[in-house]
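Q: Here you go, this is input_16.txt (compact mmCIF, C-alpha atoms).
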```
# COMPACT_ATOMS: atom_id res chain seq x y z
CA MET C 1280 113.54 91.34 112.78
CA ASP C 1281 112.90 88.36 110.52
CA SER C 1282 110.49 88.71 107.65
CA LEU C 1283 107.28 86.83 107.85
CA PRO C 1284 107.09 83.40 106.22
CA SER C 1285 104.49 83.36 103.47
CA ALA C 1286 101.22 81.83 104.47
CA SER C 1287 100.64 78.60 102.63
CA LYS C 1288 96.92 78.48 103.12
CA TYR C 1289 94.29 81.11 102.99
CA HIS C 1290 91.83 81.18 105.82
CA ALA C 1291 89.11 83.77 105.48
CA SER C 1292 87.35 84.85 108.60
CA SER C 1293 84.36 82.62 108.15
CA ARG C 1294 84.25 82.19 111.89
CA THR C 1295 83.02 85.74 112.26
CA THR C 1296 81.14 86.16 109.03
CA GLY C 1297 79.54 82.78 108.39
CA GLY C 1298 77.08 80.55 110.19
CA SER C 1299 73.68 81.53 111.48
CA LEU C 1300 74.77 84.88 112.93
CA PRO C 1301 74.11 86.83 109.71
CA LEU C 1302 70.58 85.44 109.49
CA LEU C 1303 69.86 86.40 113.09
CA VAL C 1304 71.19 89.90 112.55
CA ILE C 1305 69.22 90.30 109.33
CA ALA C 1306 66.05 89.15 111.11
CA ALA C 1307 66.64 91.62 113.97
CA VAL C 1308 67.27 94.51 111.57
CA ALA C 1309 64.19 93.60 109.53
CA LEU C 1310 62.05 93.43 112.66
CA ALA C 1311 63.26 96.81 113.92
CA GLY C 1312 62.78 98.35 110.49
CA ILE C 1313 59.26 97.03 110.05
CA LEU C 1314 58.35 98.11 113.57
CA SER C 1315 59.62 101.62 112.93
CA ARG C 1316 57.60 101.80 109.71
CA ILE C 1317 54.43 100.68 111.52
CA LEU C 1318 54.95 103.16 114.35
CA GLU C 1319 55.68 105.94 111.89
CA SER C 1320 52.51 105.29 109.92
CA SER C 1321 50.38 105.00 113.08
CA GLY C 1322 50.94 108.71 113.73
CA GLY C 1323 51.12 108.23 117.51
CA ASN C 1324 53.22 110.54 119.62
CA ALA C 1325 53.75 108.62 122.85
CA THR C 1326 57.13 109.23 124.44
CA TRP C 1327 58.39 105.70 123.88
CA MET C 1328 57.35 105.82 120.23
CA THR C 1329 59.16 109.07 119.62
CA ALA C 1330 62.26 107.74 121.39
CA PHE C 1331 62.19 104.51 119.34
CA LEU C 1332 61.76 106.33 116.04
CA ASP C 1333 64.53 108.76 116.94
CA SER C 1334 66.88 105.87 117.77
CA ALA C 1335 65.91 104.04 114.57
CA HIS C 1336 66.68 107.14 112.53
CA ARG C 1337 70.03 107.65 114.24
CA PHE C 1338 70.90 103.99 113.68
CA SER C 1339 70.10 104.09 109.96
CA VAL C 1340 72.01 107.31 109.35
CA GLY C 1341 74.98 106.09 111.39
CA PHE C 1342 75.01 102.73 109.64
CA GLU C 1343 74.78 104.05 106.09
CA ARG C 1344 77.33 106.78 106.77
CA ILE C 1345 79.97 104.31 107.89
CA PHE C 1346 79.17 101.97 105.03
CA LEU C 1347 79.09 104.57 102.26
CA GLU C 1348 82.14 106.51 103.42
CA THR C 1349 84.36 103.46 103.84
CA ALA C 1350 83.35 101.47 100.73
CA PRO C 1351 85.35 103.69 98.30
CA PHE C 1352 88.53 103.31 100.32
CA LEU C 1353 87.99 99.58 100.66
CA LEU C 1354 87.64 99.27 96.90
CA LEU C 1355 90.78 101.34 96.31
CA GLY C 1356 92.64 99.23 98.86
CA ALA C 1357 91.46 96.03 97.15
CA PHE C 1358 92.73 97.28 93.78
CA THR C 1359 96.06 98.37 95.20
CA SER C 1360 96.45 95.05 96.97
CA ALA C 1361 95.66 93.20 93.73
CA VAL C 1362 98.21 95.26 91.82
CA VAL C 1363 100.84 94.48 94.46
CA ALA C 1364 99.94 90.78 94.25
CA HIS C 1365 100.29 90.51 90.49
CA LEU C 1366 102.78 93.15 89.36
CA PHE C 1367 105.45 92.91 92.06
CA THR C 1368 107.55 89.91 92.93
CA ASP C 1369 108.33 88.92 96.49
CA ALA C 1370 111.90 90.09 95.92
CA ASP C 1371 110.70 93.55 94.85
CA ILE C 1372 108.67 93.96 98.01
CA GLN C 1373 111.34 92.53 100.29
CA ALA C 1374 113.93 94.87 98.83
CA LEU C 1375 111.93 97.85 100.06
CA PHE C 1376 110.06 96.69 103.12
CA LYS C 1377 112.03 93.86 104.67
CA GLY C 1378 113.36 93.89 108.21
CA GLY C 1379 112.69 96.06 111.21
CA THR C 1380 114.90 98.98 110.40
CA LEU C 1381 114.03 102.65 110.48
CA GLY C 1382 114.46 102.68 106.70
CA SER C 1383 111.78 100.07 106.09
CA VAL C 1384 109.37 101.90 108.40
CA ILE C 1385 109.97 105.11 106.49
CA PHE C 1386 109.35 103.29 103.20
CA GLY C 1387 106.08 102.04 104.68
CA ILE C 1388 105.00 105.58 105.50
CA LEU C 1389 106.07 106.84 102.05
CA ALA C 1390 104.01 104.09 100.44
CA ALA C 1391 101.02 105.21 102.50
CA VAL C 1392 101.46 108.76 101.16
CA ILE C 1393 101.70 107.67 97.55
CA LEU C 1394 99.17 104.83 97.41
CA PRO C 1395 95.42 105.42 97.75
CA VAL C 1396 95.16 103.38 100.93
CA GLY C 1397 93.13 105.38 103.43
CA ASP C 1398 90.53 104.15 105.91
CA GLY C 1399 90.54 100.40 105.87
CA GLY C 1400 92.12 100.13 102.44
CA SER C 1401 95.50 100.34 104.13
CA ALA C 1402 94.78 97.11 106.00
CA LEU C 1403 94.30 95.22 102.73
CA VAL C 1404 97.54 96.52 101.27
CA ALA C 1405 99.51 95.87 104.46
CA ARG C 1406 98.21 92.32 104.51
CA GLN C 1407 99.33 91.75 100.92
CA LEU C 1408 102.77 93.19 101.69
CA LEU C 1409 103.10 90.83 104.65
CA ARG C 1410 102.22 87.90 102.42
CA LYS C 1411 104.99 88.92 100.05
CA GLY C 1412 107.56 88.95 102.81
CA ALA C 1413 107.57 92.58 103.95
CA GLY C 1414 108.62 93.20 107.53
CA VAL C 1415 105.85 93.66 110.07
CA PRO C 1416 107.06 97.16 111.16
CA ALA C 1417 106.94 98.47 107.58
CA ALA C 1418 103.50 97.02 106.88
CA ALA C 1419 102.20 98.27 110.23
CA ALA C 1420 103.56 101.76 109.52
CA LEU C 1421 101.78 101.81 106.16
CA MET C 1422 98.57 100.66 107.76
CA ALA C 1423 98.75 103.15 110.61
CA ALA C 1424 99.72 106.16 108.51
CA GLY C 1425 97.34 105.44 105.62
CA PRO C 1426 94.15 107.16 106.83
CA GLY C 1427 95.95 110.38 107.78
CA VAL C 1428 98.48 110.82 105.00
CA THR C 1429 96.91 109.39 101.88
CA LEU C 1430 96.74 111.81 98.98
CA ILE C 1431 92.94 111.80 98.92
CA ALA C 1432 92.64 112.84 102.57
CA THR C 1433 95.46 115.35 102.33
CA GLY C 1434 94.04 116.85 99.14
CA ALA C 1435 90.58 117.12 100.69
CA GLY C 1436 92.08 118.88 103.72
CA LEU C 1437 94.04 121.38 101.69
CA GLY C 1438 91.06 122.01 99.43
CA ALA C 1439 88.53 122.61 102.22
CA THR C 1440 88.29 126.21 103.33
CA GLY C 1441 89.82 126.83 106.76
CA MET C 1442 90.99 123.24 107.20
CA ALA C 1443 94.60 123.40 106.01
CA GLY C 1444 96.02 123.78 109.53
CA LEU C 1445 94.05 120.89 110.97
CA ALA C 1446 94.82 118.71 107.94
CA GLY C 1447 98.53 119.49 108.39
CA LEU C 1448 98.34 118.58 112.07
CA ARG C 1449 96.66 115.29 111.20
CA PHE C 1450 99.28 114.54 108.56
CA ALA C 1451 102.16 115.17 110.99
CA THR C 1452 100.52 113.19 113.81
CA ALA C 1453 99.86 110.24 111.49
CA ILE C 1454 103.52 110.11 110.50
CA ILE C 1455 104.73 110.27 114.12
CA LEU C 1456 102.18 107.66 115.13
CA ALA C 1457 103.21 105.29 112.34
CA LEU C 1458 106.89 105.81 113.09
CA VAL C 1459 106.50 105.09 116.81
CA PHE C 1460 104.22 102.12 116.23
CA GLY C 1461 106.51 100.62 113.58
CA LEU C 1462 109.59 100.99 115.76
CA ILE C 1463 107.82 99.47 118.76
CA LEU C 1464 106.83 96.43 116.69
CA ALA C 1465 110.42 96.18 115.41
CA GLN C 1466 111.46 95.14 118.92
CA GLU C 1467 109.58 91.86 118.55
CA SER C 1468 111.67 89.25 116.75
CA GLU C 1469 108.90 86.72 116.20
CA PRO C 1470 106.26 88.00 113.70
CA LYS C 1471 103.80 85.27 114.63
CA ARG C 1472 103.43 86.81 118.05
CA ILE C 1473 102.26 90.08 116.47
CA ILE C 1474 100.08 89.13 113.55
CA LYS C 1475 97.60 86.43 112.58
CA VAL C 1476 99.50 84.56 109.89
CA GLY C 1477 96.48 82.44 108.99
CA ASN C 1478 94.58 85.48 107.72
CA LEU C 1479 97.06 86.33 104.98
CA PRO C 1480 95.98 85.83 101.33
CA THR C 1481 97.08 82.92 99.15
CA VAL C 1482 100.37 82.75 97.32
CA GLY C 1483 99.97 84.05 93.77
CA GLY C 1484 97.01 86.27 94.55
CA ASP C 1485 93.51 85.40 95.60
CA SER C 1486 92.33 84.76 92.08
CA ALA C 1487 94.90 81.96 91.63
CA SER C 1488 92.45 79.19 92.51
CA LEU C 1489 89.69 80.79 90.49
CA LEU C 1490 91.78 81.00 87.34
CA GLU C 1491 93.27 77.54 87.73
CA GLY C 1492 92.92 75.56 84.52
CA GLU C 1493 92.13 78.57 82.35
CA GLY C 1494 95.55 78.74 80.71
CA GLN C 1495 97.01 82.14 79.95
CA VAL C 1496 94.99 84.92 81.55
CA SER C 1497 95.85 88.56 81.19
CA LYS C 1498 97.29 90.28 84.22
CA ALA C 1499 94.58 92.91 84.02
CA LYS C 1500 91.88 90.28 84.45
CA ALA C 1501 93.74 88.60 87.29
CA ILE C 1502 94.06 91.98 89.02
CA VAL C 1503 90.36 92.73 88.64
CA LEU C 1504 89.36 89.30 89.94
CA THR C 1505 91.70 89.51 92.91
CA ALA C 1506 90.38 92.96 93.70
CA SER C 1507 86.81 91.65 93.56
CA ILE C 1508 87.58 88.77 95.89
CA GLU C 1509 89.41 90.95 98.41
CA PHE C 1510 86.68 93.59 98.32
CA LEU C 1511 83.94 91.04 98.95
CA GLU C 1512 86.02 89.30 101.59
CA TRP C 1513 86.34 92.47 103.67
CA MET C 1514 82.86 93.79 103.00
CA PRO C 1515 81.17 91.69 105.74
CA LEU C 1516 83.56 93.18 108.29
CA LEU C 1517 82.54 96.64 107.12
CA VAL C 1518 78.86 95.75 107.49
CA ILE C 1519 79.48 94.43 111.01
CA ALA C 1520 81.41 97.60 111.90
CA ALA C 1521 78.60 99.75 110.51
CA LEU C 1522 76.06 97.78 112.52
CA LEU C 1523 78.03 98.22 115.73
CA GLY C 1524 78.70 101.89 115.04
CA GLY C 1525 75.08 102.61 114.11
CA LEU C 1526 73.75 100.78 117.15
CA LEU C 1527 76.08 102.58 119.57
CA GLN C 1528 75.25 105.94 118.01
CA ALA C 1529 71.57 105.20 118.51
CA LEU C 1530 72.07 104.20 122.13
CA ILE C 1531 74.30 106.94 123.52
CA PRO C 1532 72.52 109.99 124.95
CA GLY C 1533 72.05 112.88 122.53
CA GLY C 1534 73.87 115.24 124.90
CA TRP C 1535 77.10 113.37 124.33
CA ASN C 1536 77.24 114.32 120.65
CA PRO C 1537 79.52 117.22 119.82
CA PRO C 1538 79.36 120.10 120.42
CA VAL C 1539 79.13 118.90 124.02
CA SER C 1540 78.38 121.53 126.62
CA GLY C 1541 80.63 121.67 129.69
CA SER C 1542 84.33 121.87 130.45
CA GLY C 1543 87.04 121.58 127.81
CA ALA C 1544 87.96 118.08 128.92
CA TRP C 1545 84.33 116.97 128.68
CA GLN C 1546 84.02 118.44 125.19
CA ASN C 1547 87.19 116.66 124.09
CA ALA C 1548 86.00 113.37 125.54
CA GLY C 1549 82.63 113.66 123.78
CA SER C 1550 84.37 114.52 120.53
CA GLY C 1551 86.77 111.56 120.80
CA LEU C 1552 83.97 109.14 121.61
CA TRP C 1553 81.86 110.42 118.73
CA ALA C 1554 84.82 110.06 116.35
CA MET C 1555 85.20 106.42 117.37
CA LEU C 1556 81.52 105.62 116.97
CA THR C 1557 80.82 107.50 113.75
CA ALA C 1558 83.90 105.91 112.12
CA GLN C 1559 83.88 108.46 109.35
CA SER C 1560 86.46 108.35 106.58
CA ALA C 1561 89.38 110.77 106.64
CA VAL C 1562 87.48 112.91 104.13
CA GLY C 1563 84.18 112.73 106.02
CA ASP C 1564 85.93 113.71 109.28
CA LEU C 1565 87.18 116.87 107.64
CA HIS C 1566 83.77 117.83 106.31
CA THR C 1567 82.12 117.22 109.69
CA VAL C 1568 84.67 119.40 111.48
CA GLN C 1569 84.43 122.06 108.80
CA ASN C 1570 80.65 122.18 109.21
CA GLY C 1571 81.11 122.56 112.98
CA LEU C 1572 83.94 125.08 112.92
CA SER C 1573 81.83 127.77 114.56
CA SER C 1574 80.15 125.58 117.21
CA TRP C 1575 82.89 123.10 118.20
CA SER C 1576 85.76 124.10 120.48
CA ALA C 1577 89.24 124.06 118.93
CA GLY C 1578 90.22 121.13 121.16
CA ALA C 1579 87.16 119.12 120.15
CA GLN C 1580 87.96 119.67 116.47
CA ARG C 1581 91.52 118.43 116.92
CA ILE C 1582 90.51 115.38 118.96
CA TYR C 1583 87.80 114.46 116.45
CA LEU C 1584 90.24 114.52 113.55
CA LEU C 1585 93.15 112.80 115.30
CA VAL C 1586 91.20 110.06 117.07
CA GLY C 1587 88.97 109.50 114.05
CA MET C 1588 92.01 108.96 111.87
CA ALA C 1589 93.55 106.34 114.14
CA VAL C 1590 90.92 104.48 116.15
CA ASP C 1591 87.30 103.87 115.31
CA VAL C 1592 84.87 100.97 115.17
CA LYS C 1593 85.74 99.86 111.65
CA LEU C 1594 89.49 100.30 111.99
CA ILE C 1595 89.52 98.23 115.18
CA LEU C 1596 87.76 95.40 113.33
CA PHE C 1597 89.97 95.72 110.24
CA TYR C 1598 93.23 95.88 112.17
CA GLY C 1599 92.04 93.04 114.38
CA ARG C 1600 91.99 90.88 111.26
CA ILE C 1601 95.76 91.24 111.02
CA PHE C 1602 97.08 92.01 114.50
CA ARG C 1603 96.77 89.91 117.60
CA PHE C 1604 94.65 91.33 120.41
CA LYS C 1605 97.58 92.52 122.53
CA VAL C 1606 99.06 94.52 119.66
CA LEU C 1607 95.65 95.98 118.88
CA LEU C 1608 95.37 97.16 122.45
CA TYR C 1609 98.82 98.79 122.29
CA TRP C 1610 97.75 100.52 119.08
CA ILE C 1611 94.58 101.92 120.63
CA LEU C 1612 96.37 103.19 123.74
CA LEU C 1613 99.20 104.68 121.69
CA SER C 1614 96.78 106.45 119.34
CA LEU C 1615 94.69 107.93 122.13
CA SER C 1616 97.70 109.13 124.14
CA LEU C 1617 99.45 110.60 121.10
CA SER C 1618 96.25 112.41 120.05
CA LEU C 1619 95.97 113.86 123.53
CA MET C 1620 99.64 114.89 123.54
CA ALA C 1621 99.40 116.50 120.11
CA GLY C 1622 96.39 118.50 121.33
CA LEU C 1623 98.25 119.64 124.44
CA VAL C 1624 101.34 120.65 122.46
CA ILE C 1625 99.29 122.69 120.01
CA GLU C 1626 97.40 124.27 122.93
CA SER C 1627 100.65 125.29 124.64
CA PHE C 1628 101.82 127.01 121.46
CA GLY C 1629 98.63 129.03 121.24
CA GLY C 1630 96.70 126.83 118.80
CA LEU C 1631 96.74 126.60 115.03
CA SER C 1632 96.79 129.78 113.05
CA MET Q 730 78.44 73.69 89.62
CA LYS Q 731 78.63 74.95 93.16
CA ARG Q 732 81.67 77.07 92.60
CA ASN Q 733 80.40 78.56 89.38
CA ALA Q 734 77.16 79.47 91.11
CA ARG Q 735 79.13 81.20 93.83
CA ILE Q 736 81.00 83.26 91.27
CA LYS Q 737 77.72 84.31 89.71
CA PHE Q 738 76.30 85.11 93.11
CA SER Q 739 79.33 87.26 93.88
CA ALA Q 740 78.91 89.09 90.58
CA LEU Q 741 75.28 89.67 91.45
CA ALA Q 742 76.24 91.00 94.89
CA LEU Q 743 78.74 93.39 93.34
CA ALA Q 744 76.21 94.59 90.78
CA VAL Q 745 73.50 95.17 93.38
CA LEU Q 746 75.96 96.95 95.65
CA GLY Q 747 77.07 99.19 92.81
CA LEU Q 748 73.54 99.98 91.67
CA PHE Q 749 72.50 100.67 95.27
CA GLN Q 750 75.20 103.32 95.58
CA LEU Q 751 74.35 104.85 92.22
CA SER Q 752 70.65 104.93 93.12
CA LEU Q 753 71.43 106.91 96.28
CA ILE Q 754 72.91 109.61 94.11
CA TRP Q 755 70.10 109.36 91.57
CA ASP Q 756 67.28 109.99 94.07
CA GLY Q 757 69.26 112.46 96.19
CA ARG Q 758 69.08 110.45 99.41
CA LEU Q 759 72.86 110.35 99.59
CA ALA Q 760 72.72 113.73 101.31
CA ASP Q 761 70.77 112.13 104.19
CA TYR Q 762 73.80 110.04 105.03
CA VAL Q 763 77.04 111.70 103.93
CA ASP Q 764 78.29 115.13 102.95
CA PRO Q 765 77.31 115.67 99.29
CA ARG Q 766 80.92 116.59 98.52
CA GLN Q 767 81.71 112.90 98.86
CA GLY Q 768 79.24 112.10 96.11
CA ILE Q 769 82.00 111.65 93.56
CA LEU Q 770 83.66 108.93 95.68
CA VAL Q 771 80.36 107.10 96.11
CA PHE Q 772 79.60 107.44 92.39
CA LEU Q 773 82.98 106.04 91.35
CA THR Q 774 82.63 103.18 93.82
CA GLY Q 775 79.19 102.32 92.48
CA LEU Q 776 80.50 102.38 88.93
CA GLY Q 777 83.55 100.34 89.94
CA CYS Q 778 81.37 97.67 91.55
CA VAL Q 779 79.25 97.34 88.42
CA ILE Q 780 82.36 96.98 86.24
CA LEU Q 781 83.84 94.41 88.62
CA ALA Q 782 80.58 92.48 88.50
CA GLN Q 783 80.78 92.39 84.70
CA VAL Q 784 84.35 91.04 84.72
CA VAL Q 785 83.56 88.44 87.38
CA LEU Q 786 80.47 87.34 85.49
CA SER Q 787 82.46 86.96 82.28
CA THR Q 788 84.80 84.60 84.14
CA ALA Q 789 81.84 82.56 85.31
CA GLY Q 790 80.57 82.31 81.73
CA LYS Q 791 83.95 81.14 80.49
CA ARG Q 792 84.16 78.54 83.22
CA SER Q 793 80.74 77.19 82.26
CA THR Q 794 82.01 76.56 78.75
CA ASN Q 795 85.16 74.90 80.05
CA THR Q 796 83.10 72.67 82.29
CA VAL Q 797 81.03 71.40 79.39
CA GLU Q 798 84.16 70.80 77.32
CA ASN Q 799 86.05 69.01 80.09
CA ASP Q 800 83.03 67.23 81.50
CA GLY Q 801 83.78 66.22 85.07
CA HIS Q 802 86.93 68.33 85.44
CA LYS Q 803 88.05 68.80 89.02
CA GLU Q 804 87.35 72.53 89.02
CA ASP Q 805 83.78 72.21 90.16
CA SER Q 806 84.60 69.80 92.93
CA ASP Q 807 86.74 72.39 94.63
CA ALA Q 808 84.37 73.95 97.09
CA GLU Q 809 87.12 75.37 99.27
CA GLY Q 810 87.86 78.42 97.15
CA SER Q 811 87.96 81.84 98.67
CA TRP Q 812 84.48 82.50 97.33
CA LYS Q 813 83.09 80.14 99.91
CA SER Q 814 83.77 82.35 102.88
CA ALA Q 815 82.91 85.67 101.36
CA GLY Q 816 79.93 86.00 103.70
CA LEU Q 817 77.95 87.70 100.97
CA ILE Q 818 74.76 87.40 102.95
CA TRP Q 819 75.92 90.37 105.02
CA LEU Q 820 75.52 92.60 101.97
CA VAL Q 821 71.76 92.36 102.39
CA VAL Q 822 71.97 94.52 105.51
CA PRO Q 823 72.81 97.88 103.88
CA LEU Q 824 69.92 97.45 101.46
CA MET Q 825 67.52 96.53 104.24
CA VAL Q 826 68.52 99.48 106.38
CA PHE Q 827 68.10 101.74 103.38
CA LEU Q 828 64.68 100.35 102.47
CA LEU Q 829 63.12 99.81 105.90
CA PHE Q 830 64.39 102.75 107.96
CA ARG Q 831 63.54 106.34 107.24
```
Take the structure in the file and give it back as structure tokens.
A:
Amino acid sequence: MDSLPSASKYHASSRTTGGSLPLLVIAAVALAGILSRILESSGGNATWMTAFLDSAHRFSVGFERIFLETAPFLLLGAFTSAVVAHLFTDADIQALFKGGTLGSVIFGILAAVILPVGDGGSALVARQLLRKGAGVPAAAALMAAGPGVTLIATGAGLGATGMAGLAGLRFATAIILALVFGLILAQESEPKRIIKVGNLPTVGGDSASLLEGEGQVSKAKAIVLTASIEFLEWMPLLVIAALLGGLLQALIPGGWNPPVSGSGAWQNAGSGLWAMLTAQSAVGDLHTVQNGLSSWSAGAQRIYLLVGMAVDVKLILFYGRIFRFKVLLYWILLSLSLSLMAGLVIESFGGLS
Amino acid sequence: MKRNARIKFSALALAVLGLFQLSLIWDGRLADYVDPRQGILVFLTGLGCVILAQVVLSTAGKRSTNTVENDGHKEDSDAEGSWKSAGLIWLVVPLMVFLLFR
């Protein structure tokens, strides 16, 4: 597979984040917030008032959880991306990640293990690698494996009491998932059919235009500025994801939240859906499952961790910034089917010890 | 001065974002939203945002000086920088949700 030609122009996603849409959303949120405050202070207990206040509470908790849990990983991803932009040459990156070979995919997964690129942060780093000429399969493998194998998530799993087995399962599934996804993408010889080339950052790092005309600037400052720009560039997407996630959490019936009563399949479905909507970080997923160890079924715990690692509201938006829609759809289907298969395999071997 | 103003606005956004996260830890409301064990990640992110804001702001200050010295230099006419499309207005939403919803 050919490496991707460097993008000559940087096009941020102003189509989705600019215009009058933000103002409309802000007005709607303000209206709902003020209304909930008024209803709360009125002290009424009509059914519709209770339902509205309950939904408003669920929305705010869901929104802030997604926002607060993802922001650290986004910042880490922005820093890592900035370091890659300024400290490594295109030749360095291409030497490790070029082409569509198994080797480059494995290097992508190894980079995901070593670099702090979990939950959304991996998308920023993968995008920077693509700009520097890395092969799409390698960058995709890094992006896909990141949330499940990053040192922070792995360390949190090993450190949490009773979670080592589940964390190990997630680690192994993430590697298999990244490997399969990378090798599938390697079959496509034309990168432009897989990714959105126009969304790649500028040559020389995103702070290049900002620092133009300032003479010699230290690399440290260039890295910090690039990290700031990338962080702020992706932040609107995170806010939109948090809005969607919070809204959907507020709207779905309370009985669908895990632990769901009913058959095993129903519990697993509820758990998978909740993982997609709550969009917790790889660390937050672990804590949620750990808190529900006694009340959640073993299958629901596995599905929550595996689906949450691969597909959720924010990751779909982040990955959609890089991949074309068709590839995104393949990714979602692959993640869900592999999560299901991993659960069935573990079940057939008598579960995790 | 458009571009310089945008840089300053970005620095302000970063600072407010950082202080917002630190304030959640300060008043204990962080536990309403996330597991308290993730407090250290939120704290470091808040601190990181404040530091980034400081560095970005220092760049804006330096550029102001350069602009005076080079009176009419092309730098300020370039309104197509990546700062333009940052969509910083979206950052108001987390603060509003935090302040208006209980």
Q: To one decimal place in Å, what is the distance between atom CA of C:Gly1477 and atom CA of C:Lys1411?
A: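 Separating atom CA of C:Gly1477 from atom CA of C:Lys1411 is a distance of 13.9 Å.
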Q: Using Å and a single decimal, report how far atom CA of C:Ala1402 sits from atom CA of C:Leu1617.
A: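 Result for atom CA of C:Leu1617 versus atom CA of C:Ala1402: 20.8 Å, one decimal.
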Q: So that I can see what lies close to C:Leu1462, please list as a list in words the residues with an atom at most 8 Å from it, counting all atoms listed in the file and leaving out residues fewer than 6 positions away in the same chain.
A: Gly1379, Thr1380, Leu1381, Val1384 and Pro1416 of chain C
Q: Using only C-alpha atoms, please write the residues we just selected to a file, as a PDB file, in the frame of the given file.
A:
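And here is the file that came out, out_13.pdb:
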```pdb
ATOM      1  CA  GLY C1379     112.690  96.060 111.210  1.00  0.00           C
ATOM      2  CA  THR C1380     114.900  98.980 110.400  1.00  0.00           C
ATOM      3  CA  LEU C1381     114.030 102.650 110.480  1.00  0.00           C
ATOM      4  CA  VAL C1384     109.370 101.900 108.400  1.00  0.00           C
ATOM      5  CA  PRO C1416     107.060  97.160 111.160  1.00  0.00           C
TER       6      PRO C1416
END
```
Q: My list of candidates is C:Leu1464, C:Ala1554, C:Leu1437, C:Val1592. Which is closest to C:Leu1523 when distances are computed with only C-alpha atoms?
A: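 Going through C:Leu1464, C:Ala1554, C:Leu1437, C:Val1592 one by one, the smallest distance to C:Leu1523 is for C:Val1592.
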Q: Tell me which protein, DNA and RNA residues are within 8 Å of stretch 1559-1570 of chain C, counting all atoms listed in the file, leaving out same-chain ones fewer than 2 positions away, and put them as number ranges by chain.
A: C: 1344-1345, 1348-1349, 1397-1398, 1426-1427, 1431-1432, 1435-1436, 1439-1442, 1446, 1554, 1557, 1572-1573, 1575, 1580, 1583-1584, 1587-1588; Q: 763-764, 767
Q: From the list C:Ser1315, C:Val1340, C:Ala1309, C:Pro1470, which residue is nearest Q:Arg758 when using all atoms listed in the file?
A: C:Val1340
Q: Which neighbours of C:Leu1421 fall inside 10 Å, counting all atoms listed in the file, when residues of the same chain fewer than 2 positions from it are skipped, and could you give them as JSON, numbers by chain?
A: {"C": [1384, 1385, 1386, 1387, 1388, 1389, 1390, 1391, 1392, 1394, 1396, 1397, 1401, 1402, 1404, 1405, 1408, 1415, 1416, 1417, 1418, 1419, 1423, 1424, 1425, 1426, 1428, 1429, 1454, 1457, 1458, 1461]}
Q: Report, in Å with one decimal, the straight-line distance from atom CA of C:Met1620 to atom CA of C:Val1606.
A: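 Pair atom CA of C:Met1620 / atom CA of C:Val1606 returns 20.7 Å.
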Q: Measuring atom to atom with all atoms listed in the file, identify which of C:Phe1597, C:Trp1535, C:Phe1331, C:Phe1450 is nearest to chain Q.
A: C:Phe1331
Q: Just want the 12 Å neighbourhood of C:Gln1528, counted on only C-alpha atoms, with same-chain residues fewer than 5 positions away dropped. Output as a PyMOL selection string.
A: chain C and resi 1333-1342+1344-1345+1521-1523+1533-1536+1552-1558+1592
